[in-house]
Amino acid sequence: LGGRLKEKDPTKIGRFGLGFCSVFRYTDLVSFMSGRHIVFLDPSTSFLPAGFEGGRRIDFLSSPIVRAQPGLFAPFVMPALGASTDQRFPGTLFRLPLRTPAQAATSKISQLSKTAFDLQNLNMILRDNGPSFLLFLKNVRTIKLFEQNTRGEVVLRTTINARSPLEERSNIVREFDEFIVSRPGMLLGVERADAAAEPAVKTESQPDEPAGSEPQEHEASTHRQQDNDRPTQVKAEQDVAQPPARAQGTVRRSTLVTSSVEHHEPLLQGSLNLGSQEWLIHSSVTDDVPKQFQVNWPYHAWTEVAACIRTQGPILARGGVHSFLPLPFAAPLPVCINGQFALSSDRRSLWTATDRAAGASEQCHWNEFLLSAQVAPLYLALLEDLAQRGHESLVNVLLPVPTDAAPLDRVVEAFYRQLPQRPLFFTKCRGWLTGTECIFLPAAGLAPKIVDYLLSEDVPLCIGIENNRLEALERFGFQRSVVNASLVRDVMRRGSCSQALQDAYPE
């Protein structure tokens with residue numbers, strides 16, 4: 001923890017951010033239970049008993065410390081979650097006691113504090129934004145929020161689920177991971193995780209064994225678990241030794257994900273379905289990246305775009321920016337975009353040209369490359385997919401709102417520069433056409449009778465795109481054909497029209 005070089009490992013989504021260390025923004029003491037061990041991390045040496053020296057891993061099934069310090073382990077006795085110090089825990093349970101205002105005043109780590117009101121607000125955020133929380137995660141498919149009341153009872157309050165048919169999402173993630181480690185040179189310079197330096201926390205040994213050792217059975221199971229957690233590491237070494245012939249490549253996939261949110265009310269002894277949403281996700285991974293990003297370590301570009309195509313219930317579909325998890329800033333996009341972006345140190349925003357920190361220039365350019373060269377084409381491909389599926393009205397609604405806010409202005413500009421060449425303009429007579437094949441209404445509009453007449457004469461009119469989107473097209477270089485008097489007269493010559501139209505457009 002804190003000593004791994006994730007920035008050199010393309011299989012790690014935390015290589016652009018702080019990863020697990022970001023939890024210390026909210027707590028001074030981290031602990032977690034997994035298997036037969038509990039790990040405590042106390043970097044400020046302010047909370048644990050003497051002798052722990054900042055942290056320790058303890059085998060709670062055999063260590064005498066559990067009986068000597070029962071209060072230290074009491075929070076991990078939670079029958080509602082199946083957690084107990086009397087048996088192995090088949091999973092990982094994190095405990096992050098949030099920093100109170102009083103603790104923040106003397107904290108050596110951060111002065112950021114949380115209150116009971118903040119926890120209630122967290123529940124509201126999960127309810128309102130829950131459907132998009134799980135869209136891009138690799139393995140997590142369910143989030144449950146529990147609350148411990150004053151009687152010590154643990155009750156379930158909120159559940160968020162995300163499911164795809166036949167677990168297609170999991171298959172895509174697996175395929176992308178295999179693609180990443182199979183590329184020539186993709187793992188050059190990556191250190192083996194099991195060859196890293198000694199752990200920063202001490203290990204509490206079992207009584208009858210030498211210090212630092214573990215039971216033979218436990219050691220074997222640990223190694224098997226490590227192999228399962230890193231199935232690509234061994235494969236990567238083999239592929240680097242015998243690289244495939246193809247130097248560059250791209251894999252693109254799409255899937256549907258249904259997400260739902262349920263609120264559980266103990267007094268009613270039941271749950272309330274707050275709504276469900278169906279999202280279409282287009283995913284892409286490629287190693288076709290500019291050479292400037294291959295100087296220090298090999299990069300690959302993993303990007304995704306998701307659009308809500310169906311919703312039930314009061315929860316609104318919101319667009320946003322994700323780096324697998326959602327980032328907490330407003331994004332003027334009607335879709336959710338995901339990528340291995342370079343994140344700020346607090347993991348709350350993307351690196352931009354205004355950042356002055358060391359290495360900010362390369363990180364900023366990486367974000368701009370992902371947004372303009374990867375996200376924008378994927379965004380267009382998703383809209384083309386929606387058009388083929390018959391979602392005519394959705395295509396116009398999902399066109400991005402023009403923005404000058406960096407760095408999202410890059411994806412908007414690249415999108416509108418490529419849009420005219422894509423068959424994303426719907427016409428009543430000819431279906432989906434490119435922008436150069438369509439004729440648009442003037443900004444001031446036309447009389448309904450004229451519009452109806454032109455449509456009856458099979459004029460490829462594109463109707464329904466808002467003016468600010470049309471202005472964005474022109475802003476980025478597209479000269480659209482617009483209905484004018486000359487066009488109407490030409491149509492009238494070859495077709496039949498009413499006397500009223502002839503009077504309005506005389507020869």
# chains A, B, ... in the order shown; residues from 1 in each chain; ligands from 1
>>> select_by_dssp(residues="stretch 317-467 of chain A", states="alpha helix (DSSP H)", output="PyMOL selection string")
chain A and resi 360-369+376-388+392-397+408-418+448-456+467
>>> write_last_selection(atoms="C-alpha atoms", output="PDB file, in the first residue's frame")
ATOM      1  CA  ALA A 360       0.441  18.131 -15.329  1.00  0.00           C
ATOM      2  CA  SER A 361       1.193  18.841 -18.984  1.00  0.00           C
ATOM      3  CA  GLU A 362       1.464  15.176 -19.960  1.00  0.00           C
ATOM      4  CA  GLN A 363      -1.568  14.255 -17.859  1.00  0.00           C
ATOM      5  CA  CYS A 364      -3.592  17.070 -19.413  1.00  0.00           C
ATOM      6  CA  HIS A 365      -2.654  16.042 -22.955  1.00  0.00           C
ATOM      7  CA  TRP A 366      -3.581  12.446 -22.153  1.00  0.00           C
ATOM      8  CA  ASN A 367      -7.065  13.537 -21.094  1.00  0.00           C
ATOM      9  CA  GLU A 368      -7.456  15.640 -24.229  1.00  0.00           C
ATOM     10  CA  PHE A 369      -6.408  12.676 -26.374  1.00  0.00           C
ATOM     11  CA  ALA A 376     -15.980  11.418 -29.416  1.00  0.00           C
ATOM     12  CA  PRO A 377     -15.924   8.656 -32.107  1.00  0.00           C
ATOM     13  CA  LEU A 378     -17.366   6.185 -29.587  1.00  0.00           C
ATOM     14  CA  TYR A 379     -20.112   8.688 -28.738  1.00  0.00           C
ATOM     15  CA  LEU A 380     -21.014   8.940 -32.436  1.00  0.00           C
ATOM     16  CA  ALA A 381     -20.967   5.146 -32.825  1.00  0.00           C
ATOM     17  CA  LEU A 382     -23.393   4.819 -29.916  1.00  0.00           C
ATOM     18  CA  LEU A 383     -25.801   7.293 -31.546  1.00  0.00           C
ATOM     19  CA  GLU A 384     -25.583   5.371 -34.834  1.00  0.00           C
ATOM     20  CA  ASP A 385     -26.459   2.216 -32.906  1.00  0.00           C
ATOM     21  CA  LEU A 386     -29.471   3.972 -31.375  1.00  0.00           C
ATOM     22  CA  ALA A 387     -30.548   5.142 -34.829  1.00  0.00           C
ATOM     23  CA  GLN A 388     -30.441   1.581 -36.147  1.00  0.00           C
ATOM     24  CA  GLU A 392     -35.114   8.525 -33.485  1.00  0.00           C
ATOM     25  CA  SER A 393     -36.100  10.972 -30.755  1.00  0.00           C
ATOM     26  CA  LEU A 394     -33.266   9.860 -28.464  1.00  0.00           C
ATOM     27  CA  VAL A 395     -30.577  10.651 -31.028  1.00  0.00           C
ATOM     28  CA  ASN A 396     -31.513  14.345 -31.139  1.00  0.00           C
ATOM     29  CA  VAL A 397     -31.864  14.548 -27.354  1.00  0.00           C
ATOM     30  CA  LEU A 408     -14.977  18.521 -21.927  1.00  0.00           C
ATOM     31  CA  ASP A 409     -14.933  21.132 -24.687  1.00  0.00           C
ATOM     32  CA  ARG A 410     -12.533  18.762 -26.472  1.00  0.00           C
ATOM     33  CA  VAL A 411     -15.065  15.955 -26.773  1.00  0.00           C
ATOM     34  CA  VAL A 412     -17.798  18.398 -27.863  1.00  0.00           C
ATOM     35  CA  GLU A 413     -15.616  19.965 -30.570  1.00  0.00           C
ATOM     36  CA  ALA A 414     -14.420  16.601 -31.906  1.00  0.00           C
ATOM     37  CA  PHE A 415     -18.003  15.317 -31.863  1.00  0.00           C
ATOM     38  CA  TYR A 416     -19.433  18.163 -33.930  1.00  0.00           C
ATOM     39  CA  ARG A 417     -16.524  18.162 -36.391  1.00  0.00           C
ATOM     40  CA  GLN A 418     -17.228  14.502 -37.202  1.00  0.00           C
ATOM     41  CA  PRO A 448     -46.269  24.652 -41.364  1.00  0.00           C
ATOM     42  CA  LYS A 449     -47.929  24.511 -44.809  1.00  0.00           C
ATOM     43  CA  ILE A 450     -44.592  25.001 -46.549  1.00  0.00           C
ATOM     44  CA  VAL A 451     -42.937  22.327 -44.396  1.00  0.00           C
ATOM     45  CA  ASP A 452     -45.764  19.875 -45.112  1.00  0.00           C
ATOM     46  CA  TYR A 453     -45.534  20.572 -48.840  1.00  0.00           C
ATOM     47  CA  LEU A 454     -41.765  20.034 -48.976  1.00  0.00           C
ATOM     48  CA  LEU A 455     -42.125  16.780 -47.071  1.00  0.00           C
ATOM     49  CA  SER A 456     -44.860  15.631 -49.465  1.00  0.00           C
ATOM     50  CA  ASN A 467     -30.844  25.571 -32.759  1.00  0.00           C
TER      51      ASN A 467
END
>>> residues_around(residues="stretch 130-139 of chain A", least_positions_apart="4", cutoff="7 Å", atoms="only C-alpha atoms", output="list in words")
Leu126, Ile160, Ala162, Ser170, Val173, Ser259, Ser260, Val261, Gln277, Phe324, Leu325 and Pro326 of chain A
>>> write_last_selection(atoms="N, CA, C and O atoms", output="PDB file, in the first residue's frame")
ATOM      1  N   LEU A 126     -26.944   8.451  -3.294  1.00  0.00           N
ATOM      2  CA  LEU A 126     -27.003   7.091  -3.822  1.00  0.00           C
ATOM      3  C   LEU A 126     -28.360   6.808  -4.455  1.00  0.00           C
ATOM      4  O   LEU A 126     -28.453   6.173  -5.504  1.00  0.00           O
ATOM      5  N   ILE A 160     -28.533  -0.900  -4.666  1.00  0.00           N
ATOM      6  CA  ILE A 160     -28.351  -0.546  -6.072  1.00  0.00           C
ATOM      7  C   ILE A 160     -27.860  -1.789  -6.805  1.00  0.00           C
ATOM      8  O   ILE A 160     -26.888  -2.420  -6.378  1.00  0.00           O
ATOM      9  N   ALA A 162     -26.989  -3.630 -10.745  1.00  0.00           N
ATOM     10  CA  ALA A 162     -26.738  -3.479 -12.178  1.00  0.00           C
ATOM     11  C   ALA A 162     -26.562  -4.864 -12.774  1.00  0.00           C
ATOM     12  O   ALA A 162     -25.727  -5.637 -12.296  1.00  0.00           O
ATOM     13  N   SER A 170     -19.383  -8.517 -17.758  1.00  0.00           N
ATOM     14  CA  SER A 170     -18.221  -9.216 -17.222  1.00  0.00           C
ATOM     15  C   SER A 170     -17.372  -9.818 -18.334  1.00  0.00           C
ATOM     16  O   SER A 170     -16.139  -9.808 -18.268  1.00  0.00           O
ATOM     17  N   VAL A 173     -15.320  -6.987 -19.966  1.00  0.00           N
ATOM     18  CA  VAL A 173     -14.203  -6.599 -19.107  1.00  0.00           C
ATOM     19  C   VAL A 173     -13.081  -7.622 -19.197  1.00  0.00           C
ATOM     20  O   VAL A 173     -11.904  -7.279 -19.315  1.00  0.00           O
ATOM     21  N   SER A 259     -30.121  -1.134 -14.536  1.00  0.00           N
ATOM     22  CA  SER A 259     -29.783  -0.772 -13.161  1.00  0.00           C
ATOM     23  C   SER A 259     -31.048  -0.361 -12.422  1.00  0.00           C
ATOM     24  O   SER A 259     -31.988   0.183 -13.018  1.00  0.00           O
ATOM     25  N   SER A 260     -31.068  -0.608 -11.125  1.00  0.00           N
ATOM     26  CA  SER A 260     -32.246  -0.298 -10.324  1.00  0.00           C
ATOM     27  C   SER A 260     -31.832   0.157  -8.937  1.00  0.00           C
ATOM     28  O   SER A 260     -30.732  -0.146  -8.462  1.00  0.00           O
ATOM     29  N   VAL A 261     -32.746   0.888  -8.284  1.00  0.00           N
ATOM     30  CA  VAL A 261     -32.516   1.379  -6.923  1.00  0.00           C
ATOM     31  C   VAL A 261     -33.733   1.027  -6.073  1.00  0.00           C
ATOM     32  O   VAL A 261     -34.871   1.273  -6.477  1.00  0.00           O
ATOM     33  N   GLN A 277     -33.482   1.711 -14.832  1.00  0.00           N
ATOM     34  CA  GLN A 277     -33.057   2.320 -16.094  1.00  0.00           C
ATOM     35  C   GLN A 277     -32.315   1.287 -16.927  1.00  0.00           C
ATOM     36  O   GLN A 277     -31.616   0.420 -16.389  1.00  0.00           O
ATOM     37  N   PHE A 324     -14.241   4.942 -14.085  1.00  0.00           N
ATOM     38  CA  PHE A 324     -14.825   3.705 -13.566  1.00  0.00           C
ATOM     39  C   PHE A 324     -15.812   4.021 -12.440  1.00  0.00           C
ATOM     40  O   PHE A 324     -16.907   3.502 -12.427  1.00  0.00           O
ATOM     41  N   LEU A 325     -15.456   4.871 -11.498  1.00  0.00           N
ATOM     42  CA  LEU A 325     -16.407   5.428 -10.543  1.00  0.00           C
ATOM     43  C   LEU A 325     -16.783   6.829 -10.995  1.00  0.00           C
ATOM     44  O   LEU A 325     -15.981   7.510 -11.655  1.00  0.00           O
ATOM     45  N   PRO A 326     -17.980   7.322 -10.642  1.00  0.00           N
ATOM     46  CA  PRO A 326     -18.370   8.672 -11.057  1.00  0.00           C
ATOM     47  C   PRO A 326     -17.528   9.736 -10.374  1.00  0.00           C
ATOM     48  O   PRO A 326     -17.166   9.605  -9.203  1.00  0.00           O
TER      49      PRO A 326
END
>>> residues_around(residues="A:Ala83", least_positions_apart="5", cutoff="10 Å", atoms="only C-alpha atoms", output="PyMOL selection string")
chain A and resi 33-34+75-78+88-93
>>> write_last_selection(atoms="N, CA, C and O atoms", output="short mmCIF file (atom, residue, chain, number, x, y, z; two decimals), in the first residue's frame")
data_model
loop_
_atom_site.label_atom_id
_atom_site.label_comp_id
_atom_site.auth_asym_id
_atom_site.auth_seq_id
_atom_site.Cartn_x
_atom_site.Cartn_y
_atom_site.Cartn_z
N MET A 33 -11.38 -6.42 7.30
CA MET A 33 -11.38 -7.86 7.60
C MET A 33 -11.46 -8.62 6.29
O MET A 33 -12.27 -8.31 5.42
N SER A 34 -10.63 -9.63 6.15
CA SER A 34 -10.64 -10.48 4.97
C SER A 34 -10.12 -11.86 5.35
O SER A 34 -9.01 -11.96 5.89
N PRO A 75 -16.02 -3.76 16.53
CA PRO A 75 -16.76 -3.27 15.35
C PRO A 75 -16.90 -4.28 14.23
O PRO A 75 -17.76 -4.12 13.35
N PHE A 76 -16.06 -5.33 14.24
CA PHE A 76 -16.14 -6.33 13.17
C PHE A 76 -17.06 -7.50 13.52
O PHE A 76 -17.14 -8.46 12.76
N VAL A 77 -17.73 -7.42 14.65
CA VAL A 77 -18.73 -8.42 15.00
C VAL A 77 -20.08 -7.88 14.54
O VAL A 77 -20.73 -7.09 15.22
N MET A 78 -20.49 -8.27 13.34
CA MET A 78 -21.72 -7.77 12.72
C MET A 78 -22.48 -8.96 12.15
O MET A 78 -22.27 -9.35 10.99
N ARG A 88 -13.76 -17.45 9.78
CA ARG A 88 -13.25 -16.73 8.60
C ARG A 88 -14.38 -15.92 7.97
O ARG A 88 -15.54 -16.35 7.96
N PHE A 89 -14.02 -14.79 7.40
CA PHE A 89 -15.01 -13.97 6.71
C PHE A 89 -14.84 -14.17 5.20
O PHE A 89 -13.76 -13.89 4.65
N PRO A 90 -15.87 -14.66 4.50
CA PRO A 90 -15.73 -14.99 3.07
C PRO A 90 -15.88 -13.76 2.18
O PRO A 90 -16.75 -13.67 1.33
N GLY A 91 -15.01 -12.80 2.38
CA GLY A 91 -15.06 -11.56 1.59
C GLY A 91 -14.14 -10.54 2.21
O GLY A 91 -13.21 -10.89 2.95
N THR A 92 -14.38 -9.28 1.93
CA THR A 92 -13.59 -8.20 2.50
C THR A 92 -14.53 -7.14 3.05
O THR A 92 -15.42 -6.67 2.34
N LEU A 93 -14.35 -6.79 4.30
CA LEU A 93 -15.20 -5.82 4.99
C LEU A 93 -14.32 -4.66 5.44
O LEU A 93 -13.42 -4.83 6.26
#
>>> closest_residue(among="A:Ser164, A:Thr427, A:Thr106, A:Ser481", to="A:Phe440", atoms="only C-alpha atoms")
A:Ser481
>>> atom_distance(atom1="atom CA of A:Glu167", atom2="atom CA of A:Glu304")
17.2 Å
>>> select_by_dssp(residues="stretch 34-199 of chain A", states="strand (DSSP E or B)", output="ChimeraX atom specification")
/A:34-35,37-41,55-59,78,83,89-95,142-148,154-163
>>> closest_residue(among="A:Leu398, A:Ile180, A:Val335, A:Leu112", to="A:Asp287", atoms="only C-alpha atoms")
A:Ile180
>>> closest_residue(among="A:Gln69, A:Asn338, A:Ser344, A:Gln120", to="A:Leu145", atoms="only C-alpha atoms")
A:Gln120
>>> closest_residue(among="A:Val30, A:Pro334, A:Val321, A:Ser182", to="A:Ser349", atoms="only C-alpha atoms")
A:Val321
>>> closest_residue(among="A:Pro64, A:Gly464, A:Pro290, A:Gly51", to="A:Leu424", atoms="only C-alpha atoms")
A:Gly464
